[in-house]
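Here is the file input.txt (compact mmCIF, C-alpha atoms).
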```
# COMPACT_ATOMS: atom_id res chain seq x y z
CA MET A 1251 68.28 270.84 -55.47
CA THR A 1252 69.86 273.06 -52.87
CA GLU A 1253 73.09 272.72 -50.97
CA SER A 1254 72.68 270.78 -47.75
CA SER A 1255 76.14 270.92 -46.26
CA THR A 1256 78.90 273.23 -45.22
CA GLU A 1257 81.62 270.62 -45.74
CA PRO A 1258 84.98 272.34 -46.34
CA ALA A 1259 86.66 272.07 -49.72
CA SER A 1260 89.33 269.84 -48.21
CA HIS A 1261 86.78 267.06 -47.83
CA ILE A 1262 86.94 264.32 -50.46
CA CYS A 1263 84.15 262.19 -51.92
CA LEU A 1264 84.55 259.10 -54.11
CA ILE A 1265 81.45 258.06 -56.03
CA THR A 1266 80.85 255.08 -58.30
CA GLY A 1267 78.20 254.94 -61.01
CA ALA A 1268 78.46 258.68 -61.53
CA THR A 1269 78.37 258.89 -65.34
CA SER A 1270 74.59 258.66 -65.78
CA GLY A 1271 71.23 258.85 -64.06
CA ILE A 1272 70.98 259.56 -60.36
CA GLY A 1273 74.70 258.87 -59.96
CA TYR A 1274 75.57 261.82 -62.17
CA ILE A 1275 73.11 264.14 -60.43
CA THR A 1276 74.36 262.96 -57.03
CA ALA A 1277 77.94 263.70 -58.06
CA ARG A 1278 77.01 267.11 -59.43
CA GLU A 1279 75.14 268.16 -56.29
CA ILE A 1280 77.92 266.95 -54.02
CA ALA A 1281 80.35 269.00 -56.12
CA ARG A 1282 78.20 272.07 -55.44
CA THR A 1283 79.06 271.77 -51.72
CA GLY A 1284 82.73 272.44 -52.53
CA MET A 1285 84.02 268.97 -51.78
CA THR A 1286 86.76 267.45 -53.88
CA LEU A 1287 84.96 264.89 -56.01
CA VAL A 1288 86.38 261.74 -57.60
CA LEU A 1289 84.15 259.98 -60.12
CA VAL A 1290 84.57 256.32 -61.03
CA GLY A 1291 83.63 255.28 -64.56
CA ARG A 1292 84.40 252.55 -67.08
CA ASP A 1293 84.71 254.57 -70.27
CA GLN A 1294 87.39 257.27 -70.32
CA GLU A 1295 85.74 259.59 -72.85
CA ARG A 1296 82.35 259.44 -71.15
CA THR A 1297 83.82 259.90 -67.68
CA GLN A 1298 85.96 262.83 -68.78
CA ASP A 1299 82.88 264.41 -70.32
CA CYS A 1300 81.02 264.06 -67.02
CA VAL A 1301 83.92 265.67 -65.16
CA ALA A 1302 83.92 268.61 -67.58
CA ARG A 1303 80.15 269.06 -67.29
CA ILE A 1304 80.21 268.96 -63.49
CA ARG A 1305 83.04 271.48 -63.37
CA GLN A 1306 81.15 273.79 -65.71
CA GLU A 1307 77.76 273.39 -64.01
CA THR A 1308 79.05 273.81 -60.44
CA GLY A 1309 82.13 276.01 -60.72
CA ASN A 1310 84.02 273.42 -58.70
CA SER A 1311 87.33 272.67 -60.42
CA ALA A 1312 88.27 270.00 -57.87
CA VAL A 1313 86.61 267.18 -59.82
CA ASP A 1314 88.75 264.19 -60.77
CA PHE A 1315 88.08 260.71 -62.12
CA LEU A 1316 89.40 257.17 -61.97
CA LEU A 1317 88.64 254.34 -64.39
CA ALA A 1318 87.56 250.86 -63.34
CA ASP A 1319 85.26 248.07 -64.41
CA LEU A 1320 83.78 247.26 -61.00
CA SER A 1321 82.74 243.77 -62.07
CA SER A 1322 86.47 242.91 -62.06
CA GLN A 1323 87.91 242.41 -58.60
CA GLN A 1324 91.40 243.09 -59.90
CA GLN A 1325 90.23 246.48 -61.16
CA VAL A 1326 88.51 247.22 -57.84
CA HIS A 1327 91.86 246.59 -56.13
CA GLN A 1328 93.62 248.82 -58.67
CA LEU A 1329 91.00 251.52 -58.12
CA ALA A 1330 91.56 251.49 -54.36
CA ASP A 1331 95.34 251.49 -54.80
CA THR A 1332 95.27 254.40 -57.25
CA PHE A 1333 92.93 256.41 -55.04
CA ARG A 1334 95.22 255.93 -52.03
CA GLN A 1335 98.22 256.98 -54.10
CA ARG A 1336 96.53 260.23 -55.13
CA TYR A 1337 94.63 261.08 -51.96
CA GLN A 1338 95.50 260.75 -48.29
CA ASN A 1339 91.92 261.17 -47.08
CA LEU A 1340 88.42 259.98 -47.91
CA HIS A 1341 85.47 261.53 -46.13
CA VAL A 1342 82.53 260.24 -48.19
CA LEU A 1343 82.21 257.02 -50.19
CA VAL A 1344 79.07 256.70 -52.31
CA ASN A 1345 78.46 253.22 -53.74
CA ASP A 1346 76.01 253.92 -56.56
CA ALA A 1347 77.13 251.68 -59.45
CA GLY A 1348 74.86 248.77 -60.28
CA GLY A 1349 72.89 247.06 -62.97
CA ILE A 1350 70.24 244.52 -63.89
CA PHE A 1351 70.99 241.82 -66.45
CA TRP A 1352 68.22 240.05 -68.30
CA SER A 1353 70.17 236.85 -68.92
CA ARG A 1354 72.75 235.16 -66.72
CA ARG A 1355 76.27 236.46 -67.31
CA GLU A 1356 79.55 235.79 -65.58
CA THR A 1357 82.34 238.20 -64.78
CA GLY A 1358 85.96 237.52 -65.61
CA ASP A 1359 86.23 236.18 -62.06
CA GLY A 1360 83.61 233.53 -62.86
CA LEU A 1361 80.91 235.13 -60.70
CA GLU A 1362 77.30 235.88 -61.62
CA MET A 1363 77.29 239.48 -62.87
CA THR A 1364 74.36 240.91 -60.88
CA PHE A 1365 75.66 239.71 -57.52
CA ALA A 1366 79.25 240.59 -58.39
CA LEU A 1367 78.60 244.15 -59.59
CA ASN A 1368 75.80 245.15 -57.24
CA HIS A 1369 77.04 243.59 -54.01
CA LEU A 1370 80.56 242.20 -54.13
CA ALA A 1371 82.03 245.32 -55.79
CA PRO A 1372 80.85 247.79 -53.12
CA PHE A 1373 81.65 245.25 -50.40
CA LEU A 1374 85.22 244.91 -51.65
CA LEU A 1375 85.79 248.59 -52.42
CA THR A 1376 84.44 249.70 -49.06
CA ASN A 1377 86.62 247.25 -47.17
CA LEU A 1378 89.71 248.19 -49.16
CA LEU A 1379 89.14 251.90 -48.49
CA LEU A 1380 88.02 251.47 -44.88
CA PRO A 1381 91.46 252.27 -43.39
CA THR A 1382 91.47 255.54 -45.35
CA LEU A 1383 87.95 256.34 -44.18
CA GLN A 1384 88.98 255.56 -40.61
CA ALA A 1385 91.96 257.89 -40.91
CA SER A 1386 89.69 260.68 -42.21
CA THR A 1387 86.92 260.71 -39.62
CA PRO A 1388 84.25 261.87 -39.41
CA SER A 1389 83.40 260.02 -42.61
CA ARG A 1390 80.40 258.50 -44.31
CA ILE A 1391 79.56 255.45 -46.42
CA VAL A 1392 76.40 255.61 -48.54
CA THR A 1393 75.21 252.59 -50.51
CA VAL A 1394 72.35 252.84 -52.99
CA ALA A 1395 69.96 249.91 -52.62
CA SER A 1396 66.38 249.60 -53.87
CA ASP A 1397 62.85 248.76 -52.81
CA ALA A 1398 63.36 245.76 -55.10
CA HIS A 1399 64.86 244.04 -52.03
CA SER A 1400 61.34 243.60 -50.61
CA GLY A 1401 60.34 239.96 -50.77
CA ALA A 1402 63.87 238.88 -51.71
CA SER A 1403 66.07 236.44 -49.82
CA ILE A 1404 69.71 235.43 -49.92
CA HIS A 1405 70.04 232.05 -51.65
CA PHE A 1406 73.18 230.78 -49.99
CA ASP A 1407 72.72 227.40 -51.67
CA ASP A 1408 72.96 229.03 -55.12
CA LEU A 1409 74.22 232.62 -54.91
CA GLN A 1410 75.54 232.41 -58.46
CA TRP A 1411 72.30 231.11 -60.02
CA LYS A 1412 74.07 228.03 -61.36
CA THR A 1413 71.50 225.38 -60.43
CA HIS A 1414 68.27 227.39 -60.35
CA PRO A 1415 66.76 228.98 -63.47
CA TYR A 1416 68.06 232.53 -63.71
CA ARG A 1417 65.44 235.22 -63.07
CA ALA A 1418 66.64 238.78 -63.58
CA PHE A 1419 64.37 240.49 -61.06
CA ALA A 1420 65.01 237.85 -58.41
CA ALA A 1421 68.77 238.15 -58.91
CA TYR A 1422 68.51 241.93 -58.73
CA GLY A 1423 66.34 241.80 -55.61
CA GLN A 1424 68.82 239.48 -53.92
CA SER A 1425 71.69 241.85 -54.70
CA LYS A 1426 69.78 244.85 -53.33
CA LEU A 1427 68.92 242.93 -50.15
CA ALA A 1428 72.63 242.16 -49.89
CA ASN A 1429 73.37 245.90 -50.06
CA ILE A 1430 71.14 246.52 -47.05
CA LEU A 1431 72.39 243.53 -45.04
CA PHE A 1432 75.96 244.69 -45.77
CA THR A 1433 75.20 248.23 -44.62
CA TYR A 1434 73.56 247.13 -41.38
CA GLU A 1435 76.39 244.74 -40.57
CA LEU A 1436 78.99 247.36 -41.48
CA ALA A 1437 77.33 249.87 -39.14
CA ARG A 1438 77.41 247.33 -36.33
CA ARG A 1439 81.10 246.66 -36.93
CA LEU A 1440 81.84 250.40 -36.96
CA LYS A 1441 79.92 251.11 -33.78
CA GLY A 1442 81.85 253.52 -31.57
CA GLN A 1443 83.77 254.97 -34.53
CA THR A 1444 82.92 258.27 -36.18
CA ILE A 1445 82.05 256.60 -39.48
CA THR A 1446 78.44 256.29 -40.57
CA ALA A 1447 77.05 253.68 -42.95
CA ASN A 1448 73.59 254.13 -44.42
CA THR A 1449 71.61 252.81 -47.37
CA LEU A 1450 68.63 254.02 -49.37
CA HIS A 1451 65.94 253.51 -51.96
CA PRO A 1452 66.14 256.36 -54.51
CA GLY A 1453 62.65 255.79 -55.90
CA PHE A 1454 61.54 254.72 -59.36
CA VAL A 1455 63.65 257.06 -61.45
CA ALA A 1456 63.22 258.03 -65.09
CA SER A 1457 66.61 256.98 -66.46
CA ASN A 1458 68.24 254.50 -68.85
CA PHE A 1459 68.75 251.94 -66.07
CA GLY A 1460 67.78 248.45 -67.18
CA LYS A 1461 66.77 249.40 -70.72
CA SER A 1462 69.07 246.94 -72.46
CA THR A 1463 66.36 245.07 -74.41
CA PRO A 1464 63.47 246.27 -76.62
CA LEU A 1465 60.95 244.61 -74.29
CA MET A 1466 62.32 246.40 -71.22
CA ARG A 1467 62.51 249.71 -73.06
CA PHE A 1468 58.83 249.28 -73.93
CA GLY A 1469 57.96 248.36 -70.35
CA PHE A 1470 59.82 251.33 -68.93
CA SER A 1471 58.17 253.65 -71.47
CA LEU A 1472 54.74 252.58 -70.16
CA ALA A 1473 55.84 253.15 -66.57
CA ARG A 1474 57.62 256.44 -67.28
CA PRO A 1475 54.63 258.67 -66.33
CA PHE A 1476 54.92 257.25 -62.79
CA ALA A 1477 58.68 257.78 -62.51
CA ILE A 1478 60.42 260.60 -60.67
CA SER A 1479 63.17 262.75 -62.10
CA PRO A 1480 66.86 261.89 -61.58
CA GLU A 1481 67.08 265.08 -59.49
CA LYS A 1482 64.46 263.76 -57.07
CA GLY A 1483 66.07 260.32 -57.10
CA ALA A 1484 69.43 261.83 -56.18
CA ALA A 1485 68.03 263.86 -53.29
CA THR A 1486 68.41 261.08 -50.72
CA PRO A 1487 71.99 259.99 -51.56
CA VAL A 1488 73.03 263.66 -51.60
CA TYR A 1489 71.33 264.17 -48.24
CA LEU A 1490 73.09 261.17 -46.69
CA ALA A 1491 76.45 262.21 -48.16
CA THR A 1492 76.34 265.85 -47.12
CA SER A 1493 73.68 266.86 -44.64
CA PRO A 1494 74.73 267.76 -41.09
CA ASP A 1495 71.36 266.36 -39.98
CA VAL A 1496 72.67 262.80 -40.45
CA ALA A 1497 76.30 263.38 -39.49
CA THR A 1498 76.04 260.83 -36.66
CA THR A 1499 73.19 258.67 -37.99
CA SER A 1500 74.23 255.15 -38.96
CA GLY A 1501 72.80 251.77 -39.83
CA LEU A 1502 69.53 252.99 -41.34
CA TYR A 1503 67.59 252.65 -44.59
CA PHE A 1504 66.26 255.90 -46.06
CA VAL A 1505 63.44 256.72 -48.44
CA LYS A 1506 62.68 260.33 -49.44
CA GLN A 1507 65.36 261.57 -47.03
CA LYS A 1508 63.68 259.90 -44.06
CA PRO A 1509 64.47 256.67 -42.17
CA ALA A 1510 62.21 253.83 -43.31
CA GLN A 1511 61.63 250.18 -42.57
CA SER A 1512 63.35 247.75 -44.89
CA SER A 1513 62.15 244.17 -45.28
CA ALA A 1514 62.05 241.80 -42.33
CA ALA A 1515 64.74 239.67 -43.99
CA SER A 1516 67.14 242.62 -44.01
CA TYR A 1517 67.23 242.75 -40.19
CA ASN A 1518 68.36 239.13 -39.75
CA GLU A 1519 71.79 239.49 -38.12
CA ASP A 1520 72.67 235.83 -38.63
CA THR A 1521 72.05 236.22 -42.36
CA ALA A 1522 74.11 239.42 -42.40
CA ARG A 1523 77.08 237.79 -40.67
CA ARG A 1524 76.90 234.76 -42.96
CA LEU A 1525 76.70 236.98 -46.04
CA TRP A 1526 79.72 238.97 -44.79
CA ALA A 1527 81.75 235.78 -44.35
CA VAL A 1528 80.77 234.45 -47.78
CA SER A 1529 81.52 237.82 -49.37
CA GLU A 1530 84.96 237.85 -47.76
CA GLN A 1531 85.68 234.47 -49.30
CA LEU A 1532 84.35 235.42 -52.75
CA THR A 1533 86.43 238.60 -52.81
CA GLY A 1534 89.57 237.03 -51.38
CA LEU A 1535 89.49 239.14 -48.22
CA ALA A 1536 89.39 235.88 -46.25
CA PRO A 1537 90.64 232.39 -47.11
CA ALA A 1538 88.13 230.30 -49.06
```
Represent the supplied structure as structure tokens.
Amino acid sequence: MTESSTEPASHICLITGATSGIGYITAREIARTGMTLVLVGRDQERTQDCVARIRQETGNSAVDFLLADLSSQQQVHQLADTFRQRYQNLHVLVNDAGGIFWSRRETGDGLEMTFALNHLAPFLLTNLLLPTLQASTPSRIVTVASDAHSGASIHFDDLQWKTHPYRAFAAYGQSKLANILFTYELARRLKGQTITANTLHPGFVASNFGKSTPLMRFGFSLARPFAISPEKGAATPVYLATSPDVATTSGLYFVKQKPAQSSAASYNEDTARRLWAVSEQLTGLAPA
């Protein structure tokens, strides 16, 4: 992967999900541009190791980290507070963290884990850091979604999968559709400001994502010959985070570094506004 930006070293990027897979490669390639990079991880030893590797591989010593379990809204608040204490500016926010869970789990906040981690966490973190992004313009927000959103819908009657039988792929697809609806609505709300908000499908990547059960590890092993490398998967988030070609492009869904059509459901503005309002309530950004 080659450098795609001439961003000055004073520019700062915060990236979640950067300790493995495409998140790590994305972080590493952004570090190559000379930006100050702040990784978010859950495990201190693992995150520190990633910082050391990125520094060594890129020659960029301006690589820092913050710890947070993004499924906890309290820790998302603490993450935003700590970042603002350490840094006055934020030029690029990459929301990469996510997961798929094969049985229904709840967070400490009592929310279904897939929806909480994949959608509510980036929704909350982005909104908490939005004033810093606005004070640092031009700035960019990049949210990693997935083609798994195709065919999905937002089940407002049961967002938490409490009354319907839990289905892992359906829950994951809903959360990825939420990422795209959030991005499109965010771009509309930021219209006229020099902040871009874009989302993407990285491709089917050969990584450890989702391999938490023997059955899924077997399934992924069969599909592995059709997967792309993490380097190829990271190409689009790196492009959106750094390339001057998309410096003013906002509100789009990208595949292979090109704008693409997302599902018909993702363009429903009424659904996007309703999801935004519900997300505000679930994260405490608006009264319940």
| query | Do you know which residues are at most 8 Å from Ala1402 (chain A) counting only C-alpha atoms, after dropping those on the same chain fewer than 5 positions away, and could you put them as a PyMOL selection string? | reply | chain A and resi 1420+1423-1424+1427+1515
Let's have the selection written as a tab-separated table (two decimals), in the frame of the given file, with C-alpha atoms.
```tsv
chain	number	residue	atom	x	y	z
A	1420	ALA	CA	65.01	237.85	-58.41
A	1423	GLY	CA	66.34	241.80	-55.61
A	1424	GLN	CA	68.82	239.48	-53.92
A	1427	LEU	CA	68.92	242.93	-50.15
A	1515	ALA	CA	64.74	239.67	-43.99
```
| message | Applying 8 Å and all atoms listed in the file, which residues near region 1284-1300 of chain A remain after dropping the ones on its own chain fewer than 3 positions away? List them as a ChimeraX atom specification. | response | /A:1257-1269,1274,1277,1280-1281,1303-1304,1310,1312-1319
| task | Measuring atom to atom with all atoms listed in the file, identify which of A:Ala1330, A:Ser1386, A:Gln1325, A:Ala1366 is nearest to Ser1529 (chain A). | result | A:Ala1366
| request: List the neighbours of Thr1387 (chain A) out to 7 Å using all atoms listed in the file; skip same-chain residues closer than 3 positions along the sequence, and give me the result as a ChimeraX atom specification. | output: /A:1341,1383-1384,1444-1445
| task | List every protein, DNA or RNA residue with an atom no more than 12 Å from (86.1, 247.0, -58.2) in the file's coordinates, counting all atoms listed in the file, and format the result as a count of residues only. | result | 42
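Across the model, the gap from CA of Ala1484 (chain A) to CA of Lys1506 (chain A) is 9.7 Å.
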| field | Selection near Thr1486 (chain A), 8 Å with all atoms listed in the file, sequence-local residues under 2 positions removed, as a PyMOL selection string | value | chain A and resi 1450+1452+1482-1484+1488-1490+1504-1507
| Which residue out of A:Glu1481, A:Glu1519, A:Glu1362, A:Asp1397 has the minimum interatomic distance to Gly1273 (chain A) when all atoms listed in the file are used? | A:Glu1481
| field | Using all atoms listed in the file: which of A:Thr1449, A:Gln1410, A:Ser1403, A:Thr1492 has the shortest distance to Arg1282 (chain A) | value | A:Thr1492
| request: Quote the spacing between CA of Val1394 (chain A) and CA of Ala1491 (chain A) in Å to one decimal place. | output: 11.3 Å
| For Thr1276 (chain A), which of A:Met1363, A:Ala1395, A:Ala1485, A:Ala1418 is the closest residue, counting only C-alpha atoms? | A:Ala1485
Could you give me, as a PDB file with C-alpha atoms, keeping the file's coordinate frame, the residues within 7 Å of Ile1391 (chain A), counting only C-alpha atoms and dropping anything in the same chain fewer than 6 positions from it?
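Written out: out.pdb:
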```pdb
ATOM      1  CA  VAL A1342      82.530 260.240 -48.190  1.00  0.00           C
ATOM      2  CA  LEU A1343      82.210 257.020 -50.190  1.00  0.00           C
ATOM      3  CA  VAL A1344      79.070 256.700 -52.310  1.00  0.00           C
ATOM      4  CA  THR A1446      78.440 256.290 -40.570  1.00  0.00           C
ATOM      5  CA  ALA A1447      77.050 253.680 -42.950  1.00  0.00           C
ATOM      6  CA  ASN A1448      73.590 254.130 -44.420  1.00  0.00           C
TER       7      ASN A1448
END
```
| query | How far is it from CA of Trp1526 (chain A) to CA of Gln1511 (chain A), in Å with one decimal? | reply | 21.4 Å
| task | Using only C-alpha atoms, pick whichever of A:Gly1442, A:Gly1360, A:Gly1349, A:Gly1453 has the shortest atom-to-atom distance to Ser1479 (chain A). | result | A:Gly1453
| field | Of the listed residues A:His1451, A:Lys1508, A:Lys1441, A:His1405, that which approaches Phe1365 (chain A) most closely, counting only C-alpha atoms | value | A:His1405
List as an mmCIF file with C-alpha atoms, keeping the file's coordinate frame the residues having at least one atom at most 10 Å from position (63.4, 243.8, -61.3) as given in the file, counting all atoms listed in the file.
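Contents of the output file out_33.cif:
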```
data_model
loop_
_atom_site.group_PDB
_atom_site.id
_atom_site.type_symbol
_atom_site.label_atom_id
_atom_site.label_comp_id
_atom_site.auth_asym_id
_atom_site.auth_seq_id
_atom_site.Cartn_x
_atom_site.Cartn_y
_atom_site.Cartn_z
ATOM 1 C CA ILE A 1350 70.240 244.520 -63.890
ATOM 2 C CA PHE A 1351 70.990 241.820 -66.450
ATOM 3 C CA TRP A 1352 68.220 240.050 -68.300
ATOM 4 C CA SER A 1396 66.380 249.600 -53.870
ATOM 5 C CA ASP A 1397 62.850 248.760 -52.810
ATOM 6 C CA ALA A 1398 63.360 245.760 -55.100
ATOM 7 C CA HIS A 1399 64.860 244.040 -52.030
ATOM 8 C CA ARG A 1417 65.440 235.220 -63.070
ATOM 9 C CA ALA A 1418 66.640 238.780 -63.580
ATOM 10 C CA PHE A 1419 64.370 240.490 -61.060
ATOM 11 C CA ALA A 1420 65.010 237.850 -58.410
ATOM 12 C CA ALA A 1421 68.770 238.150 -58.910
ATOM 13 C CA TYR A 1422 68.510 241.930 -58.730
ATOM 14 C CA GLY A 1423 66.340 241.800 -55.610
ATOM 15 C CA GLY A 1460 67.780 248.450 -67.180
#
```
